[in-house]
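Peer 1: First the structure, then my questions, so here it is.
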Amino acid sequence: MFKTILVAVDGSGHASKAVRCAADIAKTYGATLILMAVDGHRPLKGPLEELSRSEDLSRSEVFDRILSSAKALASVPKDVKVEQRVGHGDPADEILAEAGRSGADLIVVGSRGLGEYAELLLGSVSRKVLHLAKVPVLVAHD
Ligand SMILES: Nc1ncnc2c1ncn2[C@@H]1O[C@H](COP(=O)(O)OP(=O)(O)O)[C@@H](O)[C@H]1O
Ligand SMILES: [Mg+2]
């Protein structure tokens with residue numbers, strides 16, 4: 001059923017849950033897994049700012065690190081193809097554009113990310129993806 005699964009990662013625990021769900025589905029269906037992180041060109045905050053400072057990483061190295069951690073977490077067997085993308089711009093727009101380009105038939109996001117409005121059930125990125133996607137969206141709660 002699913003051939004190409006796009007999972008959006010921002011370094012949050014919810015996104016880690018999204019990766020584990022997406023990897024499991026990719027294994028089950030023999031689908032390609034695309035891991036995507038978007039640099040929204042905002043100042044790095046929280047754990048990302050901390051990572052950049054403590055390991056003296058550039059912005060692009062921080063986004064590469066988000067993707068390599070996600071890949072390690074996915075831990076899929078060798079026959080499951082894993083691709084990585086870094087987008088630049090509005091995260092939801094970039095995720096939706098990548099879904100179109102890659103022909104993804106499932107998008108997986110976390111319910112929340114690194115944002116700080118803890119009372120909201122869905123973050124703005126997951127909400128926008130859910131509203132505008134042309135394919136099924138799985139929302140993972142940590
Ligand atoms: N910059 C980003 N790059 C890729 N995926 C993202 C990005 N920001 C958010 N996401 C995805 O959207 C989910 C929800 O995050 P978001 O809507 O930003 O909530 P919050 O407001 O809590 O940060 C994340 O778990 C992740 O899957
Ligand atoms: Mg966010």
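We label chains A, B, ... in the order they appear in the structure tokens, count residues from 1 in each chain, and number ligands from 1 in the order shown.
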Please, which residues in chain A fall within 8 Å of ligand 1 when counting only C-alpha atoms and all ligand atoms, and what is the closest atom pair and distance in Å to one decimal for each, ordered by chain then residue number, as CSV?
Peer 2:
```
residue,atom,partner,partner_atom_place_in_ligand_line,distance
A:Val7,CA,ligand 1,27 (O),6.8
A:Ala8,CA,ligand 1,5 (N),3.9
A:Val9,CA,ligand 1,5 (N),4.1
A:Asp10,CA,ligand 1,7 (C),4.5
A:Gly11,CA,ligand 1,25 (O),7.8
A:Ser12,CA,ligand 1,25 (O),6.1
A:Gly13,CA,ligand 1,25 (O),7.4
A:His14,CA,ligand 1,25 (O),4.8
A:Ala15,CA,ligand 1,25 (O),3.8
A:Ser16,CA,ligand 1,25 (O),7.6
A:Ala18,CA,ligand 1,27 (O),6.5
A:Met36,CA,ligand 1,4 (C),5.8
A:Ala37,CA,ligand 1,3 (N),3.9
A:Val38,CA,ligand 1,3 (N),3.7
A:Asp39,CA,ligand 1,1 (N),5.5
A:Gly40,CA,ligand 1,1 (N),5.8
A:Gly87,CA,ligand 1,3 (N),7.6
A:Asp90,CA,ligand 1,1 (N),7.8
A:Pro91,CA,ligand 1,1 (N),4.9
A:Ala92,CA,ligand 1,6 (C),7.2
A:Ile95,CA,ligand 1,4 (C),7.0
A:Val108,CA,ligand 1,27 (O),6.8
A:Val109,CA,ligand 1,27 (O),3.5
A:Gly110,CA,ligand 1,25 (O),3.2
A:Ser111,CA,ligand 1,14 (C),5.0
A:Arg112,CA,ligand 1,22 (O),3.7
A:Gly113,CA,ligand 1,23 (O),3.4
A:Leu114,CA,ligand 1,23 (O),4.1
A:Gly115,CA,ligand 1,23 (O),3.2
A:Glu116,CA,ligand 1,22 (O),6.1
A:Tyr117,CA,ligand 1,21 (O),6.6
A:Ala118,CA,ligand 1,22 (O),7.1
A:Leu120,CA,ligand 1,22 (O),7.8
A:Leu122,CA,ligand 1,17 (O),6.2
A:Gly123,CA,ligand 1,17 (O),3.1
A:Ser124,CA,ligand 1,17 (O),4.0
A:Val125,CA,ligand 1,17 (O),3.3
A:Ser126,CA,ligand 1,17 (O),4.3
A:Arg127,CA,ligand 1,17 (O),6.4
A:Lys128,CA,ligand 1,17 (O),7.9
A:Ala140,CA,ligand 1,25 (O),7.7
```
Peer 1: Which parts of chain A does DSSP call alpha helix (DSSP H) when run on the backbone here, written out as JSON, numbers by chain?
Peer 2: {"A": [13, 14, 15, 16, 17, 18, 19, 20, 21, 22, 23, 24, 25, 26, 27, 28, 29, 46, 47, 48, 49, 50, 51, 52, 53, 54, 59, 60, 61, 62, 63, 64, 65, 66, 67, 68, 69, 70, 71, 72, 73, 74, 91, 92, 93, 94, 95, 96, 97, 98, 99, 100, 101, 102, 124, 125, 126, 127, 128, 129, 130, 131, 132]}
Peer 1: Can you work out the spacing between CA of Ala74 in chain A and CA of Lys17 in chain A in Å, to one decimal?
Peer 2: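 Rounded to one decimal, the two atoms are 9.8 Å apart.
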Peer 1: Which is closest to Glu61 in chain A among A:Ile25, A:Glu49, A:Phe2, A:Leu33, if we use only C-alpha atoms?
Peer 2: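 Looking only at the distances to Glu61 in chain A, the closest residue turns out to be A:Glu49.
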Peer 1: List the spatial neighbours of Val76 in chain A as a PyMOL selection string - criterion: any atom at most 12 Å away, only C-alpha atoms, same-chain residues fewer than 4 positions off excluded.
Peer 2: chain A and resi 19-28+30-33+70-72+80-83
Peer 1: Could you please take those selected residues and save C-alpha atoms as an mmCIF file, in the first residue's frame?
Peer 2:
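Output below, filename out_2.cif:
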```
data_model
loop_
_atom_site.group_PDB
_atom_site.id
_atom_site.type_symbol
_atom_site.label_atom_id
_atom_site.label_comp_id
_atom_site.auth_asym_id
_atom_site.auth_seq_id
_atom_site.Cartn_x
_atom_site.Cartn_y
_atom_site.Cartn_z
ATOM 1 C CA VAL A 19 10.242 8.309 13.059
ATOM 2 C CA ARG A 20 9.642 5.057 14.909
ATOM 3 C CA CYS A 21 6.091 4.772 13.497
ATOM 4 C CA ALA A 22 7.225 5.667 9.971
ATOM 5 C CA ALA A 23 10.156 3.213 10.094
ATOM 6 C CA ASP A 24 7.872 0.431 11.247
ATOM 7 C CA ILE A 25 5.442 1.093 8.387
ATOM 8 C CA ALA A 26 8.341 1.329 5.881
ATOM 9 C CA LYS A 27 9.624 -2.069 7.063
ATOM 10 C CA THR A 28 6.178 -3.616 6.837
ATOM 11 C CA GLY A 30 9.088 -2.341 1.975
ATOM 12 C CA ALA A 31 8.612 1.399 1.384
ATOM 13 C CA THR A 32 11.265 4.082 0.940
ATOM 14 C CA LEU A 33 11.630 6.296 4.006
ATOM 15 C CA ALA A 70 16.530 10.195 13.085
ATOM 16 C CA LYS A 71 18.224 7.702 10.766
ATOM 17 C CA ALA A 72 19.841 5.929 13.712
ATOM 18 C CA VAL A 80 14.701 -0.443 3.276
ATOM 19 C CA LYS A 81 15.884 2.653 1.411
ATOM 20 C CA VAL A 82 16.349 5.736 3.587
ATOM 21 C CA GLU A 83 16.801 9.227 2.107
#
```
Peer 1: Could you give me, as a ChimeraX atom specification, the residues within 9 Å of Gly103 in chain A, counting only C-alpha atoms and dropping anything in the same chain fewer than 5 positions from it?
Peer 2: /A:3-5,98
Peer 1: Output C-alpha atoms of each residue in that selection to a file, as an mmCIF file, in the first residue's frame.
Peer 2:
```cif
data_model
loop_
_atom_site.group_PDB
_atom_site.id
_atom_site.type_symbol
_atom_site.label_atom_id
_atom_site.label_comp_id
_atom_site.auth_asym_id
_atom_site.auth_seq_id
_atom_site.Cartn_x
_atom_site.Cartn_y
_atom_site.Cartn_z
ATOM 1 C CA LYS A 3 5.629 3.040 -1.294
ATOM 2 C CA THR A 4 7.181 6.313 -0.129
ATOM 3 C CA ILE A 5 6.843 7.633 3.410
ATOM 4 C CA GLU A 98 8.638 17.567 -0.769
#
```
Peer 1: Apply DSSP to the backbone of this structure and, from chain A, keep only the residues in strand (DSSP E); write these as a list of chain:residue names.
Peer 2: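 The strand (DSSP E) subset of chain A is A:Thr4, A:Ile5, A:Leu6, A:Val7, A:Ala8, A:Thr32, A:Leu33, A:Ile34, A:Leu35, A:Met36, A:Ala37, A:Val38, A:Asp39, A:Val82, A:Glu83, A:Gln84, A:Arg85, A:Val86, A:Gly87, A:His88, A:Leu106, A:Ile107, A:Val108, A:Val109, A:Gly110, A:Val137, A:Leu138, A:Val139, A:Ala140.
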Peer 1: For ligand 2, which residue out of A:Ile34, A:Leu138, A:Leu51, A:Leu44 is the nearest one, using only C-alpha atoms and all ligand atoms?
Peer 2: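 Using only C-alpha atoms and all ligand atoms, the shortest distance to ligand 2 belongs to A:Leu44.
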